[in-house]
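One structure is given here, and the rest of the page talks about it.
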Amino acid sequence: MKPVSKIQWGGPNMIRSELIQKLAMTNPGLSQQDIEAIISTFFDEITNRLAANGRVELRGFGAFSTRARDARTGRNPRTGELVDVDAKRVPYFKPGKEMRARLNV
């Protein structure tokens, strides 16, 4: 684990380990293992709900859902060969009103 003083917050991307470190800094009463368990449970529950064709709404943040994609004919970018792409569901996120307001200050 990196020393907290050397972590640069506010970069363009945040990875899972940085999120855990940030939460550990702001919640000193929780162990890193507890925070990792919380984060894993949070993401697993969102994934499980979406897999069951459900929806997860976090007020002020946004809503996770899935969208259906029809079967289509695609193209292999390497060879240019036509390939059949099966129908599938893909995850979709719609930001909430408060998040849009914070992003567009």
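Going by the structure tokens order, chains are called A, B, ..., each with residues numbered from 1, while ligands are numbered from 1 in the order shown.
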(Q) Residues of chain A classed as strand (DSSP E) by DSSP on the backbone are to be reported as an NGL selection string. (A) :A and (56-58 or 62-69 or 72-75 or 82-85 or 88-95)
Report as a tab-separated table: every residue of region 35-83 of chain A with an atom at most 12 Å from region 12-30 of chain A, its closest pair of atoms, and their distance in Å to one decimal, counting only C-alpha atoms, with rows sorted by chain and ascending residue number.
residue	atom	partner	partner_atom	distance
A:Ile35	CA	A:Ile20	CA	6.4
A:Glu36	CA	A:Ile20	CA	6.5
A:Ala37	CA	A:Ile20	CA	10.0
A:Ile38	CA	A:Ile20	CA	9.5
A:Ile39	CA	A:Ile20	CA	7.7
A:Ser40	CA	A:Arg16	CA	9.7
A:Phe43	CA	A:Arg16	CA	10.7
Q. Could you pull the residues within 7 Å of Phe64 (chain A), counting only C-alpha atoms, minus those fewer than 5 positions along the same chain, as a list in words?
A. Arg55, Val56, Glu57, Tyr92, Phe93 and Lys94 of chain A
Q: Using DSSP on the backbone, list every residue of chain A that comes out as helix (DSSP H, G or I), and give them as number ranges by chain.
A: A: 4-6, 16-26, 32-51, 97-103
Generate the output file for the selected residues, N, CA and C atoms, as a CSV table (one decimal), in the first residue's frame.
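The resulting file, selection_3.csv, is reproduced below:
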chain,number,residue,atom,x,y,z
A,4,VAL,N,0.0,7.4,2.4
A,4,VAL,CA,-1.1,8.3,2.1
A,4,VAL,C,-0.6,9.6,1.6
A,5,SER,N,0.5,10.1,2.1
A,5,SER,CA,1.0,11.4,1.7
A,5,SER,C,1.4,11.5,0.3
A,6,LYS,N,1.7,10.4,-0.4
A,6,LYS,CA,2.2,10.5,-1.8
A,6,LYS,C,1.1,10.2,-2.8
A,16,ARG,N,-9.9,0.9,-8.3
A,16,ARG,CA,-10.5,0.3,-7.0
A,16,ARG,C,-9.6,0.5,-5.8
A,17,SER,N,-8.3,0.2,-5.9
A,17,SER,CA,-7.4,0.4,-4.8
A,17,SER,C,-7.3,1.8,-4.3
A,18,GLU,N,-7.4,2.8,-5.2
A,18,GLU,CA,-7.4,4.2,-4.8
A,18,GLU,C,-8.7,4.5,-4.0
A,19,LEU,N,-9.8,4.0,-4.5
A,19,LEU,CA,-11.1,4.2,-3.8
A,19,LEU,C,-11.0,3.6,-2.4
A,20,ILE,N,-10.5,2.5,-2.2
A,20,ILE,CA,-10.3,1.8,-0.9
A,20,ILE,C,-9.4,2.7,0.0
A,21,GLN,N,-8.3,3.2,-0.6
A,21,GLN,CA,-7.4,4.0,0.2
A,21,GLN,C,-8.1,5.3,0.7
A,22,LYS,N,-8.8,5.9,-0.2
A,22,LYS,CA,-9.6,7.2,0.1
A,22,LYS,C,-10.6,6.9,1.2
A,23,LEU,N,-11.3,5.8,1.1
A,23,LEU,CA,-12.3,5.5,2.1
A,23,LEU,C,-11.6,5.2,3.5
A,24,ALA,N,-10.4,4.5,3.4
A,24,ALA,CA,-9.7,4.2,4.6
A,24,ALA,C,-9.2,5.5,5.3
A,25,MET,N,-8.8,6.5,4.5
A,25,MET,CA,-8.4,7.8,5.1
A,25,MET,C,-9.5,8.5,5.7
A,26,THR,N,-10.7,8.5,5.1
A,26,THR,CA,-11.8,9.3,5.6
A,26,THR,C,-12.6,8.5,6.7
A,32,GLN,N,-8.9,-1.9,6.6
A,32,GLN,CA,-8.9,-2.0,5.1
A,32,GLN,C,-9.6,-3.2,4.6
A,33,GLN,N,-9.6,-4.3,5.4
A,33,GLN,CA,-10.3,-5.5,5.0
A,33,GLN,C,-11.8,-5.2,5.0
A,34,ASP,N,-12.3,-4.5,6.0
A,34,ASP,CA,-13.7,-4.1,6.1
A,34,ASP,C,-14.1,-3.3,4.9
A,35,ILE,N,-13.3,-2.3,4.6
A,35,ILE,CA,-13.6,-1.5,3.4
A,35,ILE,C,-13.6,-2.3,2.1
A,36,GLU,N,-12.7,-3.2,1.9
A,36,GLU,CA,-12.6,-4.0,0.8
A,36,GLU,C,-13.9,-4.9,0.7
A,37,ALA,N,-14.3,-5.4,1.8
A,37,ALA,CA,-15.5,-6.2,1.9
A,37,ALA,C,-16.8,-5.4,1.5
A,38,ILE,N,-16.8,-4.2,2.0
A,38,ILE,CA,-18.0,-3.3,1.7
A,38,ILE,C,-18.0,-3.0,0.2
A,39,ILE,N,-16.9,-2.6,-0.4
A,39,ILE,CA,-16.8,-2.2,-1.8
A,39,ILE,C,-17.1,-3.5,-2.7
A,40,SER,N,-16.6,-4.6,-2.3
A,40,SER,CA,-16.9,-5.8,-3.1
A,40,SER,C,-18.4,-6.2,-3.0
A,41,THR,N,-19.0,-6.1,-1.8
A,41,THR,CA,-20.4,-6.3,-1.7
A,41,THR,C,-21.2,-5.3,-2.5
A,42,PHE,N,-20.9,-4.1,-2.4
A,42,PHE,CA,-21.6,-3.0,-3.2
A,42,PHE,C,-21.6,-3.3,-4.7
A,43,PHE,N,-20.4,-3.6,-5.3
A,43,PHE,CA,-20.3,-3.9,-6.7
A,43,PHE,C,-21.0,-5.2,-7.0
A,44,ASP,N,-20.8,-6.2,-6.2
A,44,ASP,CA,-21.4,-7.5,-6.5
A,44,ASP,C,-23.0,-7.4,-6.5
A,45,GLU,N,-23.5,-6.6,-5.5
A,45,GLU,CA,-25.0,-6.5,-5.5
A,45,GLU,C,-25.5,-5.8,-6.7
A,46,ILE,N,-24.8,-4.7,-7.2
A,46,ILE,CA,-25.2,-4.0,-8.4
A,46,ILE,C,-25.2,-5.0,-9.6
A,47,THR,N,-24.1,-5.8,-9.7
A,47,THR,CA,-23.9,-6.7,-10.8
A,47,THR,C,-25.0,-7.8,-10.7
A,48,ASN,N,-25.3,-8.3,-9.5
A,48,ASN,CA,-26.3,-9.4,-9.4
A,48,ASN,C,-27.7,-8.9,-9.8
A,49,ARG,N,-28.0,-7.6,-9.4
A,49,ARG,CA,-29.3,-7.1,-9.7
A,49,ARG,C,-29.5,-6.9,-11.2
A,50,LEU,N,-28.4,-6.4,-11.9
A,50,LEU,CA,-28.4,-6.2,-13.3
A,50,LEU,C,-28.5,-7.5,-14.0
A,51,ALA,N,-27.8,-8.5,-13.5
A,51,ALA,CA,-27.9,-9.9,-14.1
A,51,ALA,C,-29.3,-10.5,-14.1
A,97,LYS,N,-30.0,13.8,-11.5
A,97,LYS,CA,-30.1,15.3,-11.7
A,97,LYS,C,-29.0,16.0,-10.9
A,98,GLU,N,-28.7,15.6,-9.7
A,98,GLU,CA,-27.7,16.2,-8.9
A,98,GLU,C,-26.3,16.0,-9.4
A,99,MET,N,-26.0,14.8,-10.0
A,99,MET,CA,-24.7,14.6,-10.5
A,99,MET,C,-24.5,15.4,-11.8
A,100,ARG,N,-25.5,15.5,-12.6
A,100,ARG,CA,-25.4,16.4,-13.9
A,100,ARG,C,-25.2,17.8,-13.5
A,101,ALA,N,-25.8,18.3,-12.4
A,101,ALA,CA,-25.6,19.6,-12.0
A,101,ALA,C,-24.2,19.9,-11.5
A,102,ARG,N,-23.6,18.9,-10.7
A,102,ARG,CA,-22.2,19.0,-10.3
A,102,ARG,C,-21.2,19.0,-11.4
A,103,LEU,N,-21.5,18.2,-12.4
A,103,LEU,CA,-20.6,18.1,-13.5
A,103,LEU,C,-20.6,19.3,-14.5
(Q) When you count only C-alpha atoms, which of these residues is closest to Arg59 (chain A): A:Gly96, A:Gly80, A:Gly74, A:Pro91? (A) A:Gly96
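Each of A:Val105, A:Ala87, A:Leu82, A:Pro95 was compared to Gly60 (chain A) using only C-alpha atoms, and A:Pro95 turns out to be the nearest.
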